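J.: What follows is the file data.pdb, containing PDB, C-alpha atoms:
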ATOM      1  CA  MET A   1     -13.057  -0.197  18.465  1.00  0.00           C
ATOM      2  CA  VAL A   2     -11.752   2.343  15.900  1.00  0.00           C
ATOM      3  CA  THR A   3     -14.519   4.209  14.089  1.00  0.00           C
ATOM      4  CA  PRO A   4     -14.364   6.081  10.761  1.00  0.00           C
ATOM      5  CA  GLU A   5     -14.818   9.337  12.731  1.00  0.00           C
ATOM      6  CA  ASP A   6     -11.734   8.520  14.838  1.00  0.00           C
ATOM      7  CA  ILE A   7      -9.635   8.010  11.715  1.00  0.00           C
ATOM      8  CA  LYS A   8     -11.003  11.161  10.057  1.00  0.00           C
ATOM      9  CA  GLY A   9     -10.154  13.169  13.195  1.00  0.00           C
ATOM     10  CA  TRP A  10      -6.599  11.813  13.517  1.00  0.00           C
ATOM     11  CA  ILE A  11      -5.789  12.438   9.846  1.00  0.00           C
ATOM     12  CA  GLU A  12      -7.326  15.922   9.703  1.00  0.00           C
ATOM     13  CA  GLN A  13      -5.420  16.947  12.873  1.00  0.00           C
ATOM     14  CA  GLY A  14      -2.125  15.642  11.544  1.00  0.00           C
ATOM     15  CA  ILE A  15      -2.159  16.976   7.966  1.00  0.00           C
ATOM     16  CA  SER A  16      -2.624  20.688   7.309  1.00  0.00           C
ATOM     17  CA  ASP A  17      -5.575  21.961   5.315  1.00  0.00           C
ATOM     18  CA  CYS A  18      -6.878  18.409   5.010  1.00  0.00           C
ATOM     19  CA  ARG A  19     -10.330  17.087   4.179  1.00  0.00           C
ATOM     20  CA  VAL A  20     -11.183  13.417   4.667  1.00  0.00           C
ATOM     21  CA  GLU A  21     -14.182  11.530   3.295  1.00  0.00           C
ATOM     22  CA  ILE A  22     -14.393   8.160   4.981  1.00  0.00           C
ATOM     23  CA  ASN A  23     -16.794   5.288   5.334  1.00  0.00           C
ATOM     24  CA  GLY A  24     -16.400   1.913   6.867  1.00  0.00           C
ATOM     25  CA  ASP A  25     -18.359  -1.151   7.826  1.00  0.00           C
ATOM     26  CA  GLY A  26     -16.379  -1.824  10.992  1.00  0.00           C
ATOM     27  CA  GLN A  27     -14.292  -4.367   9.113  1.00  0.00           C
ATOM     28  CA  HIS A  28     -12.982  -2.223   6.319  1.00  0.00           C
ATOM     29  CA  PHE A  29     -12.416   1.535   5.974  1.00  0.00           C
ATOM     30  CA  TYR A  30     -12.319   3.473   2.680  1.00  0.00           C
ATOM     31  CA  ALA A  31     -10.843   7.000   2.876  1.00  0.00           C
ATOM     32  CA  VAL A  32     -10.384   9.749   0.296  1.00  0.00           C
ATOM     33  CA  ILE A  33      -7.847  12.227   1.701  1.00  0.00           C
ATOM     34  CA  VAL A  34      -7.390  15.633   0.075  1.00  0.00           C
ATOM     35  CA  SER A  35      -4.628  18.092   1.042  1.00  0.00           C
ATOM     36  CA  PRO A  36      -2.261  20.537  -0.675  1.00  0.00           C
ATOM     37  CA  GLU A  37       0.483  18.909   1.402  1.00  0.00           C
ATOM     38  CA  PHE A  38       0.465  16.002  -1.085  1.00  0.00           C
ATOM     39  CA  ALA A  39       1.631  18.221  -3.930  1.00  0.00           C
ATOM     40  CA  GLY A  40       4.921  17.044  -5.428  1.00  0.00           C
ATOM     41  CA  GLN A  41       4.781  13.690  -3.615  1.00  0.00           C
ATOM     42  CA  ASN A  42       4.257  10.343  -5.286  1.00  0.00           C
ATOM     43  CA  ARG A  43       1.504   8.006  -4.057  1.00  0.00           C
ATOM     44  CA  VAL A  44       3.803   6.000  -1.791  1.00  0.00           C
ATOM     45  CA  GLN A  45       5.048   9.162  -0.054  1.00  0.00           C
ATOM     46  CA  GLN A  46       1.501  10.460   0.306  1.00  0.00           C
ATOM     47  CA  HIS A  47       0.300   7.245   1.925  1.00  0.00           C
ATOM     48  CA  GLN A  48       3.425   7.137   4.165  1.00  0.00           C
ATOM     49  CA  LEU A  49       2.529  10.626   5.422  1.00  0.00           C
ATOM     50  CA  VAL A  50      -0.934   9.362   6.401  1.00  0.00           C
ATOM     51  CA  TYR A  51       0.524   6.258   8.066  1.00  0.00           C
ATOM     52  CA  LYS A  52       2.979   8.457   9.991  1.00  0.00           C
ATOM     53  CA  VAL A  53       0.152  10.711  11.202  1.00  0.00           C
ATOM     54  CA  LEU A  54      -1.877   7.688  12.291  1.00  0.00           C
ATOM     55  CA  GLY A  55       1.174   6.348  14.088  1.00  0.00           C
ATOM     56  CA  ASP A  56       0.435   3.468  16.443  1.00  0.00           C
ATOM     57  CA  ARG A  57      -3.193   4.370  16.954  1.00  0.00           C
ATOM     58  CA  MET A  58      -4.264   1.916  14.301  1.00  0.00           C
ATOM     59  CA  LYS A  59      -1.876  -0.938  14.953  1.00  0.00           C
ATOM     60  CA  ALA A  60      -4.199  -3.805  14.050  1.00  0.00           C
ATOM     61  CA  GLU A  61      -6.857  -1.933  12.120  1.00  0.00           C
ATOM     62  CA  ILE A  62      -4.366  -0.278   9.751  1.00  0.00           C
ATOM     63  CA  HIS A  63      -4.631  -3.369   7.631  1.00  0.00           C
ATOM     64  CA  ALA A  64      -8.292  -2.610   6.962  1.00  0.00           C
ATOM     65  CA  LEU A  65      -7.729   0.963   5.746  1.00  0.00           C
ATOM     66  CA  SER A  66      -7.843   1.523   1.992  1.00  0.00           C
ATOM     67  CA  MET A  67      -7.077   5.056   0.907  1.00  0.00           C
ATOM     68  CA  GLN A  68      -6.889   7.402  -2.041  1.00  0.00           C
ATOM     69  CA  THR A  69      -4.755  10.516  -1.546  1.00  0.00           C
ATOM     70  CA  MET A  70      -4.854  13.584  -3.774  1.00  0.00           C
ATOM     71  CA  THR A  71      -4.319  17.334  -3.957  1.00  0.00           C
ATOM     72  CA  PRO A  72      -7.374  19.672  -4.104  1.00  0.00           C
ATOM     73  CA  GLU A  73      -6.709  20.164  -7.825  1.00  0.00           C
ATOM     74  CA  GLU A  74      -6.739  16.401  -8.483  1.00  0.00           C
ATOM     75  CA  TYR A  75      -9.921  16.081  -6.440  1.00  0.00           C
ATOM     76  CA  ALA A  76     -11.617  18.864  -8.427  1.00  0.00           C
ATOM     77  CA  ALA A  77     -10.514  17.322 -11.722  1.00  0.00           C
ATOM     78  CA  ARG A  78     -11.765  13.938 -10.621  1.00  0.00           C
ATOM     79  CA  ASP A  79     -15.158  15.413  -9.792  1.00  0.00           C
ATOM     80  CA  GLY A  80     -15.423  16.844 -13.264  1.00  0.00           C
ATOM     81  CA  ALA A  81     -14.624  13.473 -14.769  1.00  0.00           C
ATOM     82  CA  ALA A  82     -16.818  11.429 -12.439  1.00  0.00           C
TER      83      ALA A  82
ATOM     84  CA  MET B   1      21.806 -13.554   7.402  1.00  0.00           C
ATOM     85  CA  ASP B   2      19.374 -11.133   9.028  1.00  0.00           C
ATOM     86  CA  ALA B   3      16.006 -10.131   7.555  1.00  0.00           C
ATOM     87  CA  HIS B   4      17.412  -6.987   5.943  1.00  0.00           C
ATOM     88  CA  GLU B   5      20.103  -8.914   4.050  1.00  0.00           C
ATOM     89  CA  LYS B   6      17.636 -11.648   3.059  1.00  0.00           C
ATOM     90  CA  ILE B   7      15.283  -9.019   1.633  1.00  0.00           C
ATOM     91  CA  LYS B   8      18.077  -7.263  -0.251  1.00  0.00           C
ATOM     92  CA  SER B   9      19.189 -10.490  -1.910  1.00  0.00           C
ATOM     93  CA  GLN B  10      15.595 -11.527  -2.727  1.00  0.00           C
ATOM     94  CA  LEU B  11      15.061  -8.174  -4.415  1.00  0.00           C
ATOM     95  CA  GLN B  12      18.283  -8.437  -6.378  1.00  0.00           C
ATOM     96  CA  GLU B  13      17.363 -11.875  -7.690  1.00  0.00           C
ATOM     97  CA  ASN B  14      13.808 -11.055  -8.777  1.00  0.00           C
ATOM     98  CA  ASP B  15      12.647  -8.175 -10.976  1.00  0.00           C
ATOM     99  CA  VAL B  16       9.038  -8.433  -9.776  1.00  0.00           C
ATOM    100  CA  MET B  17       8.716  -9.497  -6.127  1.00  0.00           C
ATOM    101  CA  LEU B  18       5.514  -9.623  -4.096  1.00  0.00           C
ATOM    102  CA  TYR B  19       5.681  -9.974  -0.312  1.00  0.00           C
ATOM    103  CA  MET B  20       2.307 -11.435   0.581  1.00  0.00           C
ATOM    104  CA  LYS B  21       0.337 -13.558   3.009  1.00  0.00           C
ATOM    105  CA  GLY B  22       0.228 -17.059   1.594  1.00  0.00           C
ATOM    106  CA  SER B  23       1.273 -17.939  -1.961  1.00  0.00           C
ATOM    107  CA  ALA B  24       0.089 -17.030  -5.464  1.00  0.00           C
ATOM    108  CA  MET B  25      -1.780 -20.327  -5.562  1.00  0.00           C
ATOM    109  CA  PHE B  26      -3.170 -19.994  -2.013  1.00  0.00           C
ATOM    110  CA  PRO B  27      -3.353 -16.354  -0.907  1.00  0.00           C
ATOM    111  CA  GLN B  28      -4.284 -16.149   2.770  1.00  0.00           C
ATOM    112  CA  CYS B  29      -5.711 -12.624   2.742  1.00  0.00           C
ATOM    113  CA  GLY B  30      -8.016 -10.657   0.449  1.00  0.00           C
ATOM    114  CA  PHE B  31      -5.526  -7.882  -0.192  1.00  0.00           C
ATOM    115  CA  SER B  32      -2.740 -10.332  -1.049  1.00  0.00           C
ATOM    116  CA  GLY B  33      -5.128 -12.222  -3.314  1.00  0.00           C
ATOM    117  CA  LYS B  34      -6.041  -8.995  -5.113  1.00  0.00           C
ATOM    118  CA  ALA B  35      -2.361  -8.147  -5.606  1.00  0.00           C
ATOM    119  CA  VAL B  36      -1.782 -11.568  -7.211  1.00  0.00           C
ATOM    120  CA  GLU B  37      -4.780 -11.109  -9.523  1.00  0.00           C
ATOM    121  CA  ILE B  38      -3.535  -7.698 -10.613  1.00  0.00           C
ATOM    122  CA  LEU B  39      -0.074  -9.076 -11.445  1.00  0.00           C
ATOM    123  CA  LYS B  40      -1.623 -11.968 -13.374  1.00  0.00           C
ATOM    124  CA  ALA B  41      -3.842  -9.530 -15.291  1.00  0.00           C
ATOM    125  CA  CYS B  42      -0.671  -7.617 -16.266  1.00  0.00           C
ATOM    126  CA  GLY B  43       0.863 -10.859 -17.534  1.00  0.00           C
ATOM    127  CA  ALA B  44       3.748 -10.334 -15.139  1.00  0.00           C
ATOM    128  CA  LYS B  45       6.282 -13.023 -14.295  1.00  0.00           C
ATOM    129  CA  PHE B  46       6.660 -12.580 -10.539  1.00  0.00           C
ATOM    130  CA  ASP B  47       7.949 -14.272  -7.432  1.00  0.00           C
ATOM    131  CA  THR B  48       6.388 -14.215  -3.979  1.00  0.00           C
ATOM    132  CA  VAL B  49       7.532 -14.493  -0.388  1.00  0.00           C
ATOM    133  CA  ASP B  50       5.001 -15.779   2.147  1.00  0.00           C
ATOM    134  CA  VAL B  51       5.433 -13.532   5.180  1.00  0.00           C
ATOM    135  CA  LEU B  52       3.238 -15.871   7.245  1.00  0.00           C
ATOM    136  CA  SER B  53       5.897 -18.546   7.086  1.00  0.00           C
ATOM    137  CA  ASN B  54       8.736 -16.011   7.472  1.00  0.00           C
ATOM    138  CA  PRO B  55       7.934 -13.888  10.573  1.00  0.00           C
ATOM    139  CA  ASP B  56      11.347 -12.183  10.454  1.00  0.00           C
ATOM    140  CA  ILE B  57      10.645 -11.019   6.891  1.00  0.00           C
ATOM    141  CA  ARG B  58       7.102  -9.982   7.888  1.00  0.00           C
ATOM    142  CA  GLU B  59       8.489  -7.391  10.309  1.00  0.00           C
ATOM    143  CA  GLY B  60      11.690  -6.673   8.372  1.00  0.00           C
ATOM    144  CA  ILE B  61       9.860  -5.723   5.170  1.00  0.00           C
ATOM    145  CA  LYS B  62       7.792  -3.110   7.030  1.00  0.00           C
ATOM    146  CA  GLN B  63      10.961  -1.412   8.255  1.00  0.00           C
ATOM    147  CA  TYR B  64      12.670  -1.849   4.873  1.00  0.00           C
ATOM    148  CA  SER B  65      10.005   0.166   3.042  1.00  0.00           C
ATOM    149  CA  ASN B  66       8.597   2.170   5.979  1.00  0.00           C
ATOM    150  CA  TRP B  67       5.198   0.712   5.058  1.00  0.00           C
ATOM    151  CA  PRO B  68       3.045  -0.914   7.765  1.00  0.00           C
ATOM    152  CA  THR B  69       0.999  -3.403   5.748  1.00  0.00           C
ATOM    153  CA  ILE B  70       1.269  -6.489   3.545  1.00  0.00           C
ATOM    154  CA  PRO B  71       1.175  -7.101   0.548  1.00  0.00           C
ATOM    155  CA  GLN B  72       4.103  -5.100  -0.792  1.00  0.00           C
ATOM    156  CA  LEU B  73       5.168  -5.051  -4.446  1.00  0.00           C
ATOM    157  CA  TYR B  74       8.725  -4.362  -5.602  1.00  0.00           C
ATOM    158  CA  ILE B  75       9.848  -3.906  -9.208  1.00  0.00           C
ATOM    159  CA  LYS B  76      13.607  -3.936  -9.819  1.00  0.00           C
ATOM    160  CA  GLY B  77      14.119  -3.457  -6.085  1.00  0.00           C
ATOM    161  CA  GLU B  78      11.930  -0.339  -5.948  1.00  0.00           C
ATOM    162  CA  PHE B  79       8.948  -0.323  -3.596  1.00  0.00           C
ATOM    163  CA  ILE B  80       5.819   0.246  -5.717  1.00  0.00           C
ATOM    164  CA  GLY B  81       3.065   0.028  -3.107  1.00  0.00           C
ATOM    165  CA  GLY B  82       0.384  -2.088  -1.518  1.00  0.00           C
ATOM    166  CA  SER B  83      -2.809  -3.373  -3.099  1.00  0.00           C
ATOM    167  CA  ASP B  84      -4.466   0.091  -3.169  1.00  0.00           C
ATOM    168  CA  ILE B  85      -1.661   1.685  -5.151  1.00  0.00           C
ATOM    169  CA  MET B  86      -1.306  -1.412  -7.355  1.00  0.00           C
ATOM    170  CA  MET B  87      -5.005  -1.142  -8.229  1.00  0.00           C
ATOM    171  CA  GLU B  88      -4.736   2.577  -9.023  1.00  0.00           C
ATOM    172  CA  MET B  89      -1.685   1.940 -11.216  1.00  0.00           C
ATOM    173  CA  TYR B  90      -3.410  -0.982 -12.928  1.00  0.00           C
ATOM    174  CA  GLN B  91      -6.472   1.127 -13.725  1.00  0.00           C
ATOM    175  CA  SER B  92      -4.288   3.925 -15.146  1.00  0.00           C
ATOM    176  CA  GLY B  93      -2.150   1.435 -17.115  1.00  0.00           C
ATOM    177  CA  GLU B  94       0.995   2.623 -15.312  1.00  0.00           C
ATOM    178  CA  LEU B  95       1.652  -0.816 -13.792  1.00  0.00           C
ATOM    179  CA  GLN B  96       1.402  -2.605 -17.147  1.00  0.00           C
ATOM    180  CA  GLU B  97       3.916  -0.131 -18.614  1.00  0.00           C
ATOM    181  CA  LYS B  98       6.390  -0.737 -15.760  1.00  0.00           C
ATOM    182  CA  ILE B  99       6.118  -4.502 -16.213  1.00  0.00           C
ATOM    183  CA  GLN B 100       6.348  -4.492 -20.001  1.00  0.00           C
ATOM    184  CA  ALA B 101       9.444  -2.261 -19.767  1.00  0.00           C
ATOM    185  CA  LEU B 102      11.348  -5.020 -17.952  1.00  0.00           C
TER     186      LEU B 102
END
Before we go any further, please render this structure as C-alpha cells.

T.:
Amino acid sequence: MVTPEDIKGWIEQGISDCRVEINGDGQHFYAVIVSPEFAGQNRVQQHQLVYKVLGDRMKAEIHALSMQTMTPEEYAARDGAA
Amino acid sequence: MDAHEKIKSQLQENDVMLYMKGSAMFPQCGFSGKAVEILKACGAKFDTVDVLSNPDIREGIKQYSNWPTIPQLYIKGEFIGGSDIMMEMYQSGELQEKIQAL
C-alpha cells in the first residue's frame, strides 16, 4: 500500500532542492511540491516532471494524487497571502 | 483508424474537448465529475469522450499528452490539464478567459 511518506520520498529524491508537504487518507493524496526546478515551466510541465519522477511506482494510485506545484518564491508569496 | 488518428480528428472537430470517465450527464468518477462542473460553471460549450467505453482512447490519450490520468481537457487541440489544473485555472479566472476567447 503506498503511503504519503513513500510519495514524499520518491518526489524529493527525484527533484533537486525539493520540499514536499503531503497528506492522505489512504484513498486520496494531496501534495504541495516546492522546487526551484519548476521555474520557467507551466503547470502541465511541472506536473509531468513529478509524474516522470514517480514513474511506474504509482501505477494505480497515481489517480488518487492531487498536487500543487510551485517555485519557492510562489510558495513564499502564497504564505503571505494565506 | 488507430487511437492517435481518432484523437487528432476529435480534437480538430471540437474546440473544447474533455476526455473523461462516463459522460457529462453521468460521470463515473469524482475527478471527471468535477471537471464537468468546472466547464459548466465557465458556461463552456464542450464535447466529451467516454474513455470507459473506448479502451483504445483511454490508453492512447495518455501517450498523446504524456499525462497518466483521466480526465484530460483540451482547448483548440492544446492539452490544458487534469482536474487539479482545471480547478486552479478556474479559481484564477484563467480558464474562463480561455473559453470566452473562443

J.: Each residue of chain B lying at most 7 Å from chain A should get a row with its shortest atom-to-atom pair and the distance in Å to one decimal, counting all atoms listed in the file; could you produce that, ordered by chain and increasing number, as CSV?

T.:
residue,atom,partner,partner_atom,distance
B:Trp67,CA,A:Gln48,CA,6.7
B:Thr69,CA,A:His63,CA,5.9
B:Gly81,CA,A:Val44,CA,6.2
B:Asp84,CA,A:Ser66,CA,6.3

J.: What does the distance between atom CA of B:Ile75 and atom CA of B:Phe46 come to in Å, to one decimal place?

T.: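 These two atoms are separated by 9.3 Å.
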
J.: Neighbours of B:Leu11 within 8 Å (all atoms listed in the file; same-chain residues fewer than 4 positions away dropped), as a list in words?

T.: Ile7, Asp15, Met17, Tyr74, Lys76 and Gly77 of chain B

J.: Suppose you want the space between atom CA of A:Thr71 and atom CA of A:Ala39; what is it in Å?

T.: 6.0 Å

J.: Can you spell out as a list of chain:residue names the set of residues that the PyMOL selection byres ((chain A and resi 2-15) around 8) selects in the structure I just provided?

T.: A:Met1, A:Ser16, A:Asp17, A:Cys18, A:Arg19, A:Val20, A:Glu21, A:Ile22, A:Asn23, A:Gly24, A:Gly26, A:Phe29, A:Ser35, A:Glu37, A:Val50, A:Val53, A:Leu54, A:Met58, A:Glu61

J.: Looking at B:Arg58, B:Phe31, B:Cys42, B:Lys6, which one is nearest to B:Gln91, with distances taken over all atoms listed in the file?

T.: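 Closest to B:Gln91, using all atoms listed in the file: B:Cys42.
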
J.: At what distance in Å, to one decimal, does atom CA of B:Ala3 lie from atom CA of B:Ser53?

T.: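 It comes out at 13.2 Å.
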
J.: At a cut-off of 9 Å, using all atoms listed in the file, what residues contact A:Met70? Leave out same-chain residues fewer than 3 positions from it and give the result as an MDAnalysis selection string.

T.: chainID A and resid 32:36 38:39 43 46 73:75

J.: List the residues matched by the PyMOL selection byres ((chain B and resi 37) around 12) in the displayed structure as a PyMOL selection string, ordered by chain and then by residue number.

T.: chain B and resi 18+23-27+30-36+38-44+46+83+86-87+90

J.: Starting from the shown file, work through the PyMOL selection byres ((chain B and resi 57) around 12) and note down what comes out as a PDB file with C-alpha atoms, in the frame of the given file.

T.:
ATOM      1  CA  MET B   1      21.806 -13.554   7.402  1.00  0.00           C
ATOM      2  CA  ASP B   2      19.374 -11.133   9.028  1.00  0.00           C
ATOM      3  CA  ALA B   3      16.006 -10.131   7.555  1.00  0.00           C
ATOM      4  CA  HIS B   4      17.412  -6.987   5.943  1.00  0.00           C
ATOM      5  CA  GLU B   5      20.103  -8.914   4.050  1.00  0.00           C
ATOM      6  CA  LYS B   6      17.636 -11.648   3.059  1.00  0.00           C
ATOM      7  CA  ILE B   7      15.283  -9.019   1.633  1.00  0.00           C
ATOM      8  CA  LYS B   8      18.077  -7.263  -0.251  1.00  0.00           C
ATOM      9  CA  GLN B  10      15.595 -11.527  -2.727  1.00  0.00           C
ATOM     10  CA  TYR B  19       5.681  -9.974  -0.312  1.00  0.00           C
ATOM     11  CA  MET B  20       2.307 -11.435   0.581  1.00  0.00           C
ATOM     12  CA  LYS B  21       0.337 -13.558   3.009  1.00  0.00           C
ATOM     13  CA  VAL B  49       7.532 -14.493  -0.388  1.00  0.00           C
ATOM     14  CA  ASP B  50       5.001 -15.779   2.147  1.00  0.00           C
ATOM     15  CA  VAL B  51       5.433 -13.532   5.180  1.00  0.00           C
ATOM     16  CA  LEU B  52       3.238 -15.871   7.245  1.00  0.00           C
ATOM     17  CA  SER B  53       5.897 -18.546   7.086  1.00  0.00           C
ATOM     18  CA  ASN B  54       8.736 -16.011   7.472  1.00  0.00           C
ATOM     19  CA  PRO B  55       7.934 -13.888  10.573  1.00  0.00           C
ATOM     20  CA  ASP B  56      11.347 -12.183  10.454  1.00  0.00           C
ATOM     21  CA  ARG B  58       7.102  -9.982   7.888  1.00  0.00           C
ATOM     22  CA  GLU B  59       8.489  -7.391  10.309  1.00  0.00           C
ATOM     23  CA  GLY B  60      11.690  -6.673   8.372  1.00  0.00           C
ATOM     24  CA  ILE B  61       9.860  -5.723   5.170  1.00  0.00           C
ATOM     25  CA  LYS B  62       7.792  -3.110   7.030  1.00  0.00           C
ATOM     26  CA  GLN B  63      10.961  -1.412   8.255  1.00  0.00           C
ATOM     27  CA  TYR B  64      12.670  -1.849   4.873  1.00  0.00           C
ATOM     28  CA  SER B  65      10.005   0.166   3.042  1.00  0.00           C
ATOM     29  CA  ILE B  70       1.269  -6.489   3.545  1.00  0.00           C
ATOM     30  CA  GLN B  72       4.103  -5.100  -0.792  1.00  0.00           C
TER      31      GLN B  72
END

J.: Check the smallest atom-to-atom distance from each of A:Gln41, A:Ala31, A:Leu49, A:Ala77 to B:Asn66 using all atoms listed in the file, then report the winner.

T.: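 Selected residue with least distance to B:Asn66: A:Leu49.
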
J.: Can you save stretch 59-68 of chain A of the given block to a file, including all heavy atoms and formatted as a compact mmCIF listing (two decimals), in the first residue's frame?

T.:
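Wrote it out as part10.txt, contents follow:
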# COMPACT_ATOMS: atom_id res chain seq x y z
N LYS A 59 1.42 3.15 -10.21
CA LYS A 59 0.57 2.85 -11.38
C LYS A 59 -0.89 3.10 -11.05
O LYS A 59 -1.53 3.98 -11.58
CB LYS A 59 0.76 1.37 -11.76
CG LYS A 59 1.67 1.22 -12.97
CD LYS A 59 0.92 1.17 -14.29
CE LYS A 59 1.76 1.12 -15.52
NZ LYS A 59 1.91 2.47 -16.11
N ALA A 60 -1.43 2.38 -10.08
CA ALA A 60 -2.87 2.51 -9.82
C ALA A 60 -3.14 3.75 -8.97
O ALA A 60 -4.05 4.52 -9.24
CB ALA A 60 -3.37 1.27 -9.09
N GLU A 61 -2.29 3.98 -8.00
CA GLU A 61 -2.61 5.05 -7.03
C GLU A 61 -2.46 6.43 -7.63
O GLU A 61 -2.93 7.42 -7.06
CB GLU A 61 -1.68 4.96 -5.81
CG GLU A 61 -1.72 3.65 -5.06
CD GLU A 61 -0.81 2.60 -5.70
OE1 GLU A 61 -0.24 2.90 -6.78
OE2 GLU A 61 -0.71 1.50 -5.16
N ILE A 62 -1.78 6.53 -8.79
CA ILE A 62 -1.50 7.88 -9.34
C ILE A 62 -2.81 8.65 -9.50
O ILE A 62 -2.86 9.87 -9.38
CB ILE A 62 -0.76 7.75 -10.69
CG1 ILE A 62 -0.19 9.07 -11.14
CG2 ILE A 62 -1.67 7.15 -11.77
CD1 ILE A 62 1.03 9.48 -10.42
N HIS A 63 -3.84 7.92 -9.73
CA HIS A 63 -5.14 8.54 -9.95
C HIS A 63 -5.60 9.32 -8.72
O HIS A 63 -6.34 10.28 -8.81
CB HIS A 63 -6.15 7.42 -10.26
CG HIS A 63 -7.52 7.90 -10.56
ND1 HIS A 63 -8.56 7.78 -9.68
CD2 HIS A 63 -8.01 8.55 -11.63
CE1 HIS A 63 -9.65 8.29 -10.21
NE2 HIS A 63 -9.35 8.79 -11.39
N ALA A 64 -5.10 8.88 -7.54
CA ALA A 64 -5.60 9.48 -6.30
C ALA A 64 -4.72 10.64 -5.84
O ALA A 64 -4.94 11.21 -4.79
CB ALA A 64 -5.61 8.41 -5.21
N LEU A 65 -3.70 11.00 -6.64
CA LEU A 65 -2.78 12.05 -6.21
C LEU A 65 -3.19 13.39 -6.80
O LEU A 65 -3.18 13.58 -8.01
CB LEU A 65 -1.35 11.71 -6.66
CG LEU A 65 -0.30 12.80 -6.44
CD1 LEU A 65 -0.11 13.07 -4.94
CD2 LEU A 65 1.03 12.38 -7.05
N SER A 66 -3.56 14.33 -5.90
CA SER A 66 -3.81 15.70 -6.35
C SER A 66 -2.60 16.52 -5.95
O SER A 66 -2.06 16.33 -4.86
CB SER A 66 -5.04 16.28 -5.64
OG SER A 66 -6.19 15.64 -6.09
N MET A 67 -2.12 17.40 -6.84
CA MET A 67 -0.93 18.14 -6.45
C MET A 67 -0.97 19.60 -6.87
O MET A 67 -1.66 19.96 -7.81
CB MET A 67 0.32 17.48 -7.03
CG MET A 67 0.33 17.31 -8.51
SD MET A 67 1.93 16.58 -8.98
CE MET A 67 1.39 15.47 -10.24
N GLN A 68 -0.22 20.40 -6.10
CA GLN A 68 0.02 21.79 -6.43
C GLN A 68 1.53 21.96 -6.51
O GLN A 68 2.22 21.58 -5.57
CB GLN A 68 -0.53 22.70 -5.33
CG GLN A 68 -1.97 23.12 -5.55
CD GLN A 68 -2.33 24.29 -4.66
OE1 GLN A 68 -2.23 24.19 -3.44
NE2 GLN A 68 -2.69 25.41 -5.26
